[in-house]
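Undergrad: What follows is my_file_4.tsv; its format and atoms are TSV, C-alpha atoms and all ligand atoms.
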```
chain	number	residue	atom	x	y	z
A	1	MET	CA	0.00	0.00	0.00
A	2	GLU	CA	1.34	3.43	-0.92
A	3	PRO	CA	2.08	5.61	2.09
A	4	ARG	CA	-0.14	8.40	0.79
A	5	SER	CA	-3.15	6.18	0.24
A	6	LEU	CA	-2.57	4.80	3.74
A	7	LEU	CA	-2.95	8.34	5.00
A	8	ALA	CA	-6.04	8.85	2.90
A	9	ARG	CA	-7.64	5.71	4.17
A	10	GLU	CA	-7.10	6.47	7.80
A	11	TRP	CA	-7.11	10.19	8.14
A	12	LEU	CA	-9.04	13.05	6.54
A	13	GLY	CA	-5.86	14.52	5.06
A	14	PRO	CA	-4.88	15.83	1.61
A	15	VAL	CA	-4.49	13.31	-1.13
A	16	VAL	CA	-3.82	14.06	-4.74
A	17	ALA	CA	-6.37	11.63	-6.14
A	18	LEU	CA	-8.73	9.60	-4.03
A	19	GLU	CA	-10.12	6.44	-5.49
A	20	ALA	CA	-13.68	5.42	-4.77
A	21	ALA	CA	-12.52	2.84	-2.22
A	22	ASP	CA	-10.51	5.47	-0.39
A	23	ARG	CA	-13.52	7.72	-0.30
A	24	ARG	CA	-15.66	5.02	1.22
A	25	ALA	CA	-13.01	4.46	3.88
A	26	THR	CA	-12.79	8.19	4.57
A	27	ASN	CA	-16.54	8.28	5.00
A	28	ASP	CA	-16.34	5.32	7.36
A	29	LEU	CA	-13.92	7.25	9.51
A	30	ARG	CA	-16.18	10.26	9.47
A	31	ALA	CA	-19.00	8.03	10.67
A	32	THR	CA	-16.98	7.20	13.79
A	33	LEU	CA	-16.93	10.86	14.84
A	34	PRO	CA	-19.22	11.91	17.69
A	35	PRO	CA	-22.74	12.54	16.39
A	36	ALA	CA	-23.51	16.18	15.73
A	37	ILE	CA	-25.73	17.86	18.30
A	38	GLU	CA	-29.41	17.45	17.61
A	39	SER	CA	-31.99	20.16	17.91
A	40	GLU	CA	-35.57	20.67	16.84
A	41	GLN	CA	-34.31	22.16	13.58
A	42	ASP	CA	-32.07	19.17	12.96
A	43	ARG	CA	-35.05	16.86	12.90
A	44	TYR	CA	-36.28	18.76	9.86
A	45	HIS	CA	-33.12	19.53	8.01
A	46	GLY	CA	-30.18	17.65	9.51
A	47	PRO	CA	-27.51	19.26	11.66
A	48	PHE	CA	-26.19	22.55	10.23
A	49	ASN	CA	-27.67	21.87	6.81
A	50	ARG	CA	-30.89	23.58	7.73
A	51	ASP	CA	-33.32	25.53	5.68
A	52	SER	CA	-32.15	29.04	6.40
A	53	ARG	CA	-35.54	30.47	5.40
A	54	ARG	CA	-36.96	29.13	8.66
A	55	GLU	CA	-36.82	31.99	11.11
A	56	ASP	CA	-39.68	30.88	13.33
A	57	PHE	CA	-37.65	30.01	16.39
A	58	ALA	CA	-34.82	31.62	18.30
A	59	VAL	CA	-31.39	30.29	17.44
A	60	THR	CA	-28.41	29.94	19.73
A	61	ALA	CA	-25.38	28.99	17.75
A	62	ILE	CA	-23.54	25.79	18.50
A	63	LYS	CA	-19.86	26.33	19.22
A	64	LEU	CA	-17.57	24.57	16.74
A	65	ASP	CA	-14.76	23.76	19.14
A	66	GLY	CA	-11.51	23.94	17.18
A	67	LYS	CA	-9.37	23.24	20.20
A	68	ALA	CA	-11.07	19.92	20.96
A	69	LEU	CA	-10.95	18.98	17.29
A	70	ALA	CA	-7.25	19.83	17.11
A	71	ILE	CA	-6.57	17.50	20.05
A	72	GLN	CA	-8.47	14.72	18.30
A	73	ILE	CA	-6.70	15.22	14.97
A	74	GLN	CA	-3.28	15.53	16.62
A	75	ALA	CA	-3.88	12.17	18.30
A	76	GLU	CA	-4.58	10.69	14.86
A	77	ILE	CA	-1.40	12.28	13.49
A	78	ALA	CA	0.63	10.96	16.45
A	79	ASP	CA	-0.61	7.48	15.56
A	80	GLN	CA	0.48	7.90	11.95
A	81	VAL	CA	3.86	9.25	13.04
A	82	SER	CA	4.57	6.27	15.24
A	83	ARG	CA	3.46	3.89	12.49
A	84	LEU	CA	5.75	5.61	9.98
A	85	LYS	CA	8.62	5.28	12.41
A	86	GLU	CA	7.89	1.59	13.06
A	87	THR	CA	7.32	0.53	9.47
A	88	ARG	CA	9.83	2.67	7.59
A	89	GLY	CA	12.13	4.08	10.26
A	90	ILE	CA	11.19	7.66	9.37
A	91	GLN	CA	10.53	10.29	12.04
A	92	PRO	CA	9.10	13.46	10.45
A	93	CYS	CA	11.17	16.58	11.05
A	94	LEU	CA	9.97	20.18	10.77
A	95	ALA	CA	12.53	22.98	10.54
A	96	THR	CA	11.36	26.44	11.57
A	97	VAL	CA	13.23	29.62	10.78
A	98	LEU	CA	12.73	32.83	12.74
A	99	VAL	CA	14.48	36.05	11.77
A	100	GLY	CA	14.49	38.68	14.52
A	101	GLU	CA	12.83	38.79	17.91
A	102	ASP	CA	9.22	39.72	17.27
A	103	PRO	CA	7.41	38.51	20.44
A	104	ALA	CA	4.27	37.37	18.59
A	105	SER	CA	6.38	35.36	16.13
A	106	GLN	CA	8.28	33.80	19.03
A	107	VAL	CA	4.98	32.65	20.55
A	108	TYR	CA	3.81	31.20	17.21
A	109	ILE	CA	7.10	29.32	16.82
A	110	ARG	CA	6.95	27.99	20.39
A	111	ASN	CA	3.42	26.69	19.74
A	112	LYS	CA	4.54	24.94	16.56
A	113	LEU	CA	7.56	23.33	18.23
A	114	ALA	CA	5.43	22.16	21.17
A	115	ALA	CA	2.88	20.69	18.75
A	116	CYS	CA	5.65	18.79	16.94
A	117	GLU	CA	6.78	17.31	20.23
A	118	ARG	CA	3.22	16.30	21.15
A	119	VAL	CA	2.82	14.16	18.03
A	120	GLY	CA	6.32	12.66	18.16
A	121	MET	CA	7.91	14.70	15.39
A	122	ILE	CA	11.41	16.10	15.48
A	123	SER	CA	11.73	19.85	15.22
A	124	ARG	CA	14.74	21.91	14.38
A	125	HIS	CA	14.70	25.61	15.06
A	126	VAL	CA	16.94	28.16	13.36
A	127	THR	CA	17.05	31.65	14.89
A	128	LEU	CA	18.72	34.44	12.95
A	129	PRO	CA	19.32	38.04	14.06
A	130	ASN	CA	17.15	40.91	12.89
A	131	THR	CA	20.08	42.20	10.79
A	132	THR	CA	20.21	39.01	8.67
A	133	THR	CA	20.54	39.78	4.96
A	134	GLN	CA	18.42	38.14	2.32
A	135	ALA	CA	21.47	36.29	1.01
A	136	GLU	CA	22.20	34.88	4.48
A	137	LEU	CA	18.63	33.70	4.90
A	138	LEU	CA	18.65	32.13	1.42
A	139	GLY	CA	21.89	30.38	2.40
A	140	ALA	CA	20.25	28.92	5.53
A	141	LEU	CA	17.29	27.73	3.46
A	142	SER	CA	19.50	26.14	0.88
A	143	GLU	CA	21.14	24.05	3.64
A	144	LEU	CA	17.75	22.96	4.95
A	145	ASN	CA	16.59	22.15	1.39
A	146	ALA	CA	19.62	19.90	0.92
A	147	ASP	CA	19.29	18.17	4.29
A	148	ASP	CA	17.47	14.84	3.79
A	149	SER	CA	16.66	14.56	7.49
A	150	VAL	CA	14.48	17.71	7.25
A	151	HIS	CA	11.05	17.02	5.74
A	152	GLY	CA	9.26	20.35	6.17
A	153	ILE	CA	10.51	23.95	6.28
A	154	LEU	CA	8.58	26.90	7.67
A	155	VAL	CA	9.81	30.49	7.61
A	156	GLN	CA	7.94	32.56	10.18
A	157	LEU	CA	6.44	35.73	8.71
A	158	PRO	CA	6.70	38.70	8.80
A	159	LEU	CA	10.36	39.07	7.85
A	160	PRO	CA	12.46	42.21	8.50
A	161	GLU	CA	12.06	44.86	5.82
A	162	GLN	CA	15.47	44.27	4.17
A	163	ILE	CA	14.22	40.83	3.11
A	164	ASP	CA	11.75	40.19	0.28
A	165	SER	CA	9.35	37.54	1.64
A	166	MET	CA	8.32	36.45	-1.84
A	167	VAL	CA	11.92	35.65	-2.81
A	168	VAL	CA	12.40	33.71	0.41
A	169	LEU	CA	9.20	31.67	0.12
A	170	ASP	CA	10.03	30.87	-3.51
A	171	ALA	CA	13.38	29.47	-2.33
A	172	ILE	CA	11.86	26.70	-0.20
A	173	ALA	CA	11.93	23.35	-2.01
A	174	PRO	CA	8.28	22.70	-3.07
A	175	HIS	CA	8.32	19.19	-1.55
A	176	LYS	CA	9.27	20.70	1.84
A	177	ASP	CA	6.91	23.68	1.56
A	178	VAL	CA	4.57	22.69	4.39
A	179	ASP	CA	2.95	26.14	4.48
A	180	ALA	CA	1.99	25.62	0.80
A	181	PHE	CA	2.98	29.16	-0.17
A	182	HIS	CA	5.37	28.22	-3.01
A	183	PRO	CA	3.96	29.04	-6.48
A	184	HIS	CA	4.36	25.37	-7.43
A	185	ASN	CA	2.00	24.33	-4.64
A	186	VAL	CA	-0.35	27.26	-5.24
A	187	GLY	CA	-0.52	26.23	-8.92
A	188	LEU	CA	-1.34	22.62	-8.05
A	189	LEU	CA	-4.04	23.82	-5.67
A	190	SER	CA	-5.61	26.02	-8.32
A	191	GLN	CA	-5.69	23.05	-10.69
A	192	GLY	CA	-7.45	20.94	-8.08
A	193	ARG	CA	-4.57	18.52	-7.49
A	194	PRO	CA	-2.84	19.83	-4.37
A	195	HIS	CA	0.16	18.14	-2.84
A	196	PHE	CA	0.00	20.25	0.34
A	197	LEU	CA	-3.10	22.17	1.37
A	198	PRO	CA	-2.50	25.59	2.94
A	199	CYS	CA	-2.89	25.22	6.70
A	200	THR	CA	-5.54	27.77	7.67
A	201	PRO	CA	-7.93	27.05	4.76
A	202	HIS	CA	-7.47	23.33	5.40
A	203	GLY	CA	-8.31	23.94	9.07
A	204	VAL	CA	-11.54	25.63	7.97
A	205	VAL	CA	-12.49	22.68	5.75
A	206	GLN	CA	-11.70	20.19	8.51
A	207	VAL	CA	-13.97	22.05	10.97
A	208	LEU	CA	-16.77	21.91	8.43
A	209	ALA	CA	-16.22	18.30	7.42
A	210	ARG	CA	-15.85	16.93	10.92
A	211	HIS	CA	-19.17	18.51	11.84
A	212	GLN	CA	-20.68	17.22	8.61
A	213	ILE	CA	-21.37	20.73	7.39
A	214	THR	CA	-21.35	20.14	3.66
A	215	THR	CA	-20.49	22.89	1.18
A	216	ALA	CA	-21.78	21.47	-2.12
A	217	GLY	CA	-24.46	23.71	-3.56
A	218	LYS	CA	-24.15	26.21	-0.71
A	219	GLU	CA	-23.48	29.93	-0.93
A	220	VAL	CA	-20.14	30.52	0.76
A	221	VAL	CA	-19.03	34.11	1.30
A	222	ILE	CA	-15.42	34.66	2.33
A	223	VAL	CA	-14.55	38.17	3.49
A	224	GLY	CA	-10.82	38.70	2.91
A	225	ARG	CA	-8.80	37.78	-0.19
A	226	SER	CA	-5.30	37.26	1.22
A	227	ASP	CA	-2.95	34.73	-0.33
A	228	ILE	CA	-2.81	32.72	2.88
A	229	VAL	CA	-6.50	32.51	3.81
A	230	GLY	CA	-9.26	33.91	1.58
A	231	LYS	CA	-7.93	33.19	-1.88
A	232	PRO	CA	-6.81	29.57	-1.34
A	233	LEU	CA	-9.98	28.76	0.63
A	234	ALA	CA	-12.09	30.11	-2.24
A	235	LEU	CA	-10.13	27.89	-4.64
A	236	MET	CA	-10.59	24.83	-2.48
A	237	LEU	CA	-14.32	25.25	-1.96
A	238	ALA	CA	-15.05	26.11	-5.59
A	239	GLN	CA	-13.41	22.93	-6.95
A	240	LYS	CA	-15.49	20.05	-8.28
A	241	ASP	CA	-13.96	17.65	-5.77
A	242	SER	CA	-11.85	17.60	-2.65
A	243	HIS	CA	-9.77	15.13	-0.66
A	244	LEU	CA	-12.87	14.67	1.51
A	245	GLY	CA	-15.17	14.12	-1.43
A	246	PRO	CA	-17.39	16.39	-3.55
A	247	GLU	CA	-19.68	17.25	-0.64
A	248	TYR	CA	-16.84	19.37	0.76
A	249	ALA	CA	-16.27	21.27	-2.50
A	250	ASN	CA	-18.74	22.49	-5.13
A	251	ALA	CA	-19.72	25.64	-3.24
A	252	THR	CA	-20.83	28.83	-4.93
A	253	VAL	CA	-18.10	31.06	-3.58
A	254	THR	CA	-18.04	34.84	-3.27
A	255	LEU	CA	-14.72	36.41	-2.32
A	256	ALA	CA	-15.40	39.80	-0.73
A	257	HIS	CA	-12.84	42.46	0.18
A	258	SER	CA	-12.45	46.11	1.12
A	259	ARG	CA	-13.79	47.30	-2.26
A	260	THR	CA	-16.89	45.08	-2.19
A	261	ALA	CA	-20.02	47.22	-2.57
A	262	ASN	CA	-22.87	46.70	-0.09
A	263	LEU	CA	-20.90	44.15	1.91
A	264	ALA	CA	-23.75	43.39	4.33
A	265	ASP	CA	-26.02	42.45	1.41
A	266	VAL	CA	-23.35	40.06	0.20
A	267	THR	CA	-22.62	38.48	3.59
A	268	ARG	CA	-26.35	38.02	4.26
A	269	ARG	CA	-26.48	35.69	1.25
A	270	ALA	CA	-24.06	33.26	2.87
A	271	ASP	CA	-25.08	29.82	4.08
A	272	ILE	CA	-21.48	29.63	5.29
A	273	LEU	CA	-19.77	32.92	6.13
A	274	VAL	CA	-15.99	33.02	6.60
A	275	ALA	CA	-14.38	36.13	8.08
A	276	ALA	CA	-10.63	36.63	7.45
A	277	ILE	CA	-10.31	40.37	7.64
A	278	GLY	CA	-8.09	41.35	10.58
A	279	LYS	CA	-10.61	43.83	12.05
A	280	PRO	CA	-11.97	43.13	15.54
A	281	GLU	CA	-15.67	42.20	15.62
A	282	PHE	CA	-16.22	43.65	12.18
A	283	ILE	CA	-19.02	41.24	11.18
A	284	ARG	CA	-22.10	42.17	13.15
A	285	GLY	CA	-25.21	40.07	13.75
A	286	ALA	CA	-27.20	41.99	11.16
A	287	MET	CA	-24.70	40.96	8.47
A	288	ILE	CA	-25.43	37.26	9.01
A	289	LYS	CA	-28.23	35.23	7.45
A	290	PRO	CA	-30.36	33.41	10.05
A	291	SER	CA	-29.05	29.87	10.66
A	292	ALA	CA	-25.85	30.44	8.70
A	293	VAL	CA	-22.63	28.73	9.77
A	294	VAL	CA	-19.98	31.31	10.71
A	295	ILE	CA	-16.26	30.59	10.58
A	296	ASP	CA	-14.17	33.28	12.25
A	297	VAL	CA	-10.54	33.12	11.13
A	298	GLY	CA	-9.59	36.52	12.57
A	299	ILE	CA	-7.31	36.90	15.56
A	300	ASN	CA	-7.17	40.42	16.98
A	301	ARG	CA	-5.67	41.54	20.27
A	302	ILE	CA	-7.71	44.26	21.92
A	303	GLU	CA	-7.71	45.56	25.50
A	304	ARG	CA	-9.98	42.85	26.86
A	305	GLY	CA	-8.03	40.04	25.13
A	306	LEU	CA	-8.24	38.13	21.85
A	307	VAL	CA	-11.30	38.55	19.64
A	308	GLY	CA	-12.15	37.46	16.14
A	309	ASP	CA	-13.39	39.35	13.11
A	310	VAL	CA	-16.97	38.47	14.08
A	311	HIS	CA	-18.99	39.98	16.93
A	312	TYR	CA	-19.40	36.67	18.74
A	313	ALA	CA	-22.33	37.52	21.02
A	314	GLU	CA	-24.41	38.99	18.21
A	315	ALA	CA	-23.51	36.19	15.81
A	316	CYS	CA	-24.55	33.57	18.36
A	317	GLU	CA	-28.10	34.89	18.25
A	318	VAL	CA	-28.36	34.53	14.48
A	319	ALA	CA	-26.06	31.74	13.34
A	320	SER	CA	-26.62	27.99	13.73
A	321	ALA	CA	-22.95	27.31	14.45
A	322	ILE	CA	-19.82	29.40	14.97
A	323	THR	CA	-16.11	28.98	15.67
A	324	PRO	CA	-14.94	30.85	18.78
A	325	VAL	CA	-11.82	33.01	19.08
A	326	PRO	CA	-9.60	31.86	20.63
A	327	GLY	CA	-10.05	28.10	20.33
A	328	GLY	CA	-11.45	28.00	16.80
A	329	ILE	CA	-9.40	27.98	13.62
A	330	GLY	CA	-6.07	28.86	15.32
A	331	PRO	CA	-5.38	25.41	16.85
A	332	LEU	CA	-6.37	23.74	13.59
A	333	THR	CA	-3.89	25.80	11.58
A	334	VAL	CA	-1.01	24.40	13.64
A	335	THR	CA	-2.51	20.91	13.36
A	336	MET	CA	-2.65	21.11	9.57
A	337	LEU	CA	1.02	22.13	9.57
A	338	LEU	CA	1.79	18.88	11.39
A	339	HIS	CA	-0.30	17.02	8.87
A	340	ASN	CA	1.66	18.54	5.98
A	341	THR	CA	4.94	17.65	7.67
A	342	LEU	CA	3.73	14.06	7.98
A	343	THR	CA	2.77	14.08	4.29
A	344	ALA	CA	6.21	15.47	3.39
A	345	ALA	CA	7.93	12.72	5.37
A	346	SER	CA	5.73	9.98	3.93
A	401	LIG	P1	-4.74	40.40	5.29
A	401	LIG	O1	-4.53	41.72	5.95
A	401	LIG	O2	-3.68	39.85	4.41
A	401	LIG	O3	-6.09	40.48	4.44
A	401	LIG	C1	-7.24	41.06	4.97
A	401	LIG	C2	-8.33	41.02	3.95
A	401	LIG	O4	-9.47	41.62	4.53
A	401	LIG	C3	-8.01	41.78	2.67
A	401	LIG	O5	-8.41	41.04	1.56
A	401	LIG	C4	-8.82	43.03	2.82
A	401	LIG	O6	-9.28	43.57	1.60
A	401	LIG	C5	-10.00	42.57	3.61
A	401	LIG	N1	-10.60	43.69	4.31
A	401	LIG	C6	-10.01	44.62	5.09
A	401	LIG	N2	-10.88	45.54	5.50
A	401	LIG	C7	-12.06	45.18	4.96
A	401	LIG	C8	-13.36	45.76	5.00
A	401	LIG	N3	-13.62	46.89	5.67
A	401	LIG	N4	-14.36	45.14	4.32
A	401	LIG	C9	-14.12	44.02	3.62
A	401	LIG	N5	-12.90	43.44	3.54
A	401	LIG	C10	-11.90	44.03	4.20
A	401	LIG	O7	-5.11	39.41	6.46
A	401	LIG	P2	-4.92	37.80	6.59
A	401	LIG	O8	-5.75	37.08	5.60
A	401	LIG	O9	-3.50	37.48	6.72
A	401	LIG	O10	-5.56	37.60	8.04
A	401	LIG	C11	-6.90	37.93	8.30
A	401	LIG	C12	-7.19	37.65	9.78
A	401	LIG	O11	-7.03	36.27	10.02
A	401	LIG	C13	-6.25	38.35	10.74
A	401	LIG	O12	-6.97	38.67	11.93
A	401	LIG	C14	-5.21	37.31	11.07
A	401	LIG	O13	-4.62	37.49	12.34
A	401	LIG	C15	-6.07	36.07	11.06
A	401	LIG	N6	-5.35	34.85	10.75
A	401	LIG	C16	-5.62	33.80	11.55
A	401	LIG	C17	-5.03	32.60	11.31
A	401	LIG	C18	-5.40	31.45	12.18
A	401	LIG	O14	-4.66	30.50	12.25
A	401	LIG	N7	-6.56	31.49	12.82
A	401	LIG	C19	-4.04	32.40	10.25
A	401	LIG	C20	-3.90	33.56	9.40
A	401	LIG	C21	-4.52	34.74	9.67
A	401	LIG	P3	-8.28	44.16	0.46
A	401	LIG	O15	-7.67	42.97	-0.19
A	401	LIG	O16	-9.19	44.91	-0.43
A	401	LIG	O17	-7.29	45.00	1.19
```
Now that the file is in, can you turn its structure into structure tokens?
Ligand code: NDP
TA:
Amino acid sequence: MEPRSLLAREWLGPVVALEAADRRATNDLRATLPPAIESEQDRYHGPFNRDSRREDFAVTAIKLDGKALAIQIQAEIADQVSRLKETRGIQPCLATVLVGEDPASQVYIRNKLAACERVGMISRHVTLPNTTTQAELLGALSELNADDSVHGILVQLPLPEQIDSMVVLDAIAPHKDVDAFHPHNVGLLSQGRPHFLPCTPHGVVQVLARHQITTAGKEVVIVGRSDIVGKPLALMLAQKDSHLGPEYANATVTLAHSRTANLADVTRRADILVAAIGKPEFIRGAMIKPSAVVIDVGINRIERGLVGDVHYAEACEVASAITPVPGGIGPLTVTMLLHNTLTAAS
């Protein structure tokens, strides 16, 4: 059995081409997940796939707990890691590169290294001073590219201003590009045959799939068109098929941004609304269609702590389900990085 199809069979991870048998197995695994919460609406329309025209009862959104899901998926990855080690003597290794001393970046790196340790992966961390030149950073990357014991490479962004991030990301070997930012991987994604899926969009799709919130035929509105979240997620959901099957693709996707006219009219069309804007509590309750599913990718630090791009309290009164911040998409992003590192090592 090919290592990649082994992954496909036993985990809901990215696979270039899934055969029918693999799909059935993936569905079997999905069936072992805890049953989605039932409500009066569910009896009519199934969990989260409700008729959003029904507004005749008050809705309190169900929390889509990304933290709990991340723990579950990391346990599955840990299993795969130990099997890979036993059967082929390979222990996946992620190399992280941090230039400078930005405190937020240091926290992100620490989280990633801790996650590697939790699932039994090796991590290697390279720290370079803030004064590092582009040539020096490219030199460090070229060593990591050539090192067969390193399977995945991640350069923490943002980089100091003397360094062109695009040049640096282009220099990572595509088969070690676990962030999936290299044009080679972006091209494969746009053609619907990804090798690695970008981590945050993949986290969004996993949250949906593991709660059996299908996207086929639905109106999905994504607010935010960045290269790391909005754009790749739009590509993934608009494809004819996905590694989880066609039910988790085939959406009618609208990609909104700062120049979108009448944004609230657009967001109110969404059966599934994704916010990736970077503006605290920007999406208000009145911008959400009753019973919509809301995925809040935003992470904003304000005086009272971390908040998302969605006004959580207002959204809870309108939506059928919502990801919290913190504890929503964030933990899944790190988890999908581990998944990509496992894929790279396999
Ligand atoms: P970017 O700043 O790269 O992109 C923001 C997008 O939001 C842009 O497309 C921008 O439009 C759009 N936007 C800004 N203002 C408005 C507005 N008033 N109306 C409509 N659209 C608007 O952000 P990222 O995609 O990198 O990140 C978005 C958020 O997600 C941030 O809070 C970030 O911290 C968080 N994030 C969370 C991750 C996680 O793991 N949970 C991972 C990555 C990001 P335009 O293109 O026109 O400028």
Undergrad: Would you list the residues that come within 8 Å of ligand LIG 401 (chain A)? Count all atoms listed in the file and give the answer as a ChimeraX atom specification.
TA: /A:199-200,223-230,256-260,263,275-280,282,296-300,308-309,328-334
Undergrad: Env of Ile109 of chain A: 12 Å cut, atoms = only C-alpha atoms, seq-sep filter 2 positions within chain, self excluded. Answer as an MDAnalysis selection string.
TA: chainID A and resid 94:99 101:107 111:116 123:127 154:157 334 337
Undergrad: Taking the point (10.8, 20.3, -2.4) as given in the file, collect each protein or nucleic acid residue that comes within 12 Å of it, counting all atoms listed in the file, and present the set as a VMD selection string.
TA: chain A and resid 141 to 142 144 to 148 150 to 153 169 to 180 182 to 185 195 to 196 341 344 to 345
Undergrad: For Ala61 of chain A, which of A:Val318, A:Leu338, A:Val253, A:Val310 is the closest residue, counting only C-alpha atoms?
TA: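 Of A:Val318, A:Leu338, A:Val253, A:Val310, the one nearest Ala61 of chain A is A:Val318, counting only C-alpha atoms.
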Undergrad: Please list as a ChimeraX atom specification every residue within 6 Å of Ala249 of chain A, counting all atoms listed in the file and excluding residues in the same chain fewer than 4 positions away.
TA: /A:215-216,237-242
Undergrad: For Ser149 of chain A, which residue out of A:Ile163, A:Val204, A:Met287, A:Cys93 is the nearest one, using only C-alpha atoms?
TA: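 For Ser149 of chain A, the nearest of the given residues is A:Cys93.
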Undergrad: With all atoms listed in the file as the atoms that count, which of A:Asp271, A:Glu143, A:Glu314, A:Glu247 lies nearest to Ile222 of chain A?
TA: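 Going through A:Asp271, A:Glu143, A:Glu314, A:Glu247 one by one, the smallest distance to Ile222 of chain A is for A:Asp271.
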Undergrad: Please, what distance in Å, to one decimal, runs between atom CA of Thr60 of chain A and atom CA of Ser320 of chain A?
TA: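 Pair atom CA of Thr60 of chain A / atom CA of Ser320 of chain A returns 6.6 Å.
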Undergrad: Hey, what's within 9 Å of Ala70 of chain A if we count all atoms listed in the file and toss same-chain stuff fewer than 2 positions away? As a ChimeraX atom specification, please?
TA: /A:65-68,72-75,331-336
Undergrad: To one decimal place, how far is atom CA of Asn262 of chain A from atom CA of Leu306 of chain A in Å?
TA: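 That distance, rounded to one decimal, is 27.7 Å.
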Undergrad: Quote the spacing between atom CA of Val274 of chain A and atom CA of Val221 of chain A in Å to one decimal place.
TA: 6.2 Å
Undergrad: Using all atoms listed in the file, which of the listed residues (A:Glu76, A:Val168, A:Gly285, A:Val207) sits closest to Gly327 of chain A?
TA: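 Comparing A:Glu76, A:Val168, A:Gly285, A:Val207 against Gly327 of chain A, the winner is A:Val207.
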Undergrad: Generate the coordinates of N, CA and C atoms for segment 119-133 of chain A; report them as a compact mmCIF listing (two decimals), keeping the file's coordinate frame.
TA:
```txt
# COMPACT_ATOMS: atom_id res chain seq x y z
N VAL A 119 3.17 15.27 18.95
CA VAL A 119 2.82 14.16 18.03
C VAL A 119 4.03 13.28 17.69
N GLY A 120 5.15 13.52 18.36
CA GLY A 120 6.32 12.66 18.16
C GLY A 120 7.19 13.03 16.97
N MET A 121 7.05 14.27 16.50
CA MET A 121 7.91 14.70 15.39
C MET A 121 9.17 15.38 15.94
N ILE A 122 10.20 15.38 15.11
CA ILE A 122 11.41 16.10 15.48
C ILE A 122 11.25 17.53 14.98
N SER A 123 11.74 18.49 15.76
CA SER A 123 11.73 19.85 15.22
C SER A 123 13.14 20.41 15.32
N ARG A 124 13.44 21.25 14.37
CA ARG A 124 14.74 21.91 14.38
C ARG A 124 14.46 23.40 14.23
N HIS A 125 15.01 24.19 15.13
CA HIS A 125 14.70 25.61 15.06
C HIS A 125 15.95 26.43 14.75
N VAL A 126 15.83 27.28 13.74
CA VAL A 126 16.94 28.16 13.36
C VAL A 126 16.54 29.58 13.71
N THR A 127 17.33 30.24 14.57
CA THR A 127 17.05 31.65 14.89
C THR A 127 18.15 32.49 14.27
N LEU A 128 17.75 33.54 13.57
CA LEU A 128 18.72 34.44 12.95
C LEU A 128 18.46 35.86 13.45
N PRO A 129 19.52 36.68 13.54
CA PRO A 129 19.32 38.04 14.06
C PRO A 129 18.52 38.92 13.10
N ASN A 130 17.97 39.98 13.65
CA ASN A 130 17.15 40.91 12.89
C ASN A 130 17.90 41.54 11.71
N THR A 131 19.24 41.56 11.82
CA THR A 131 20.08 42.20 10.79
C THR A 131 20.43 41.23 9.66
N THR A 132 19.89 40.02 9.70
CA THR A 132 20.21 39.01 8.67
C THR A 132 19.89 39.56 7.27
N THR A 133 20.81 39.33 6.34
CA THR A 133 20.54 39.78 4.96
C THR A 133 19.74 38.69 4.23
```
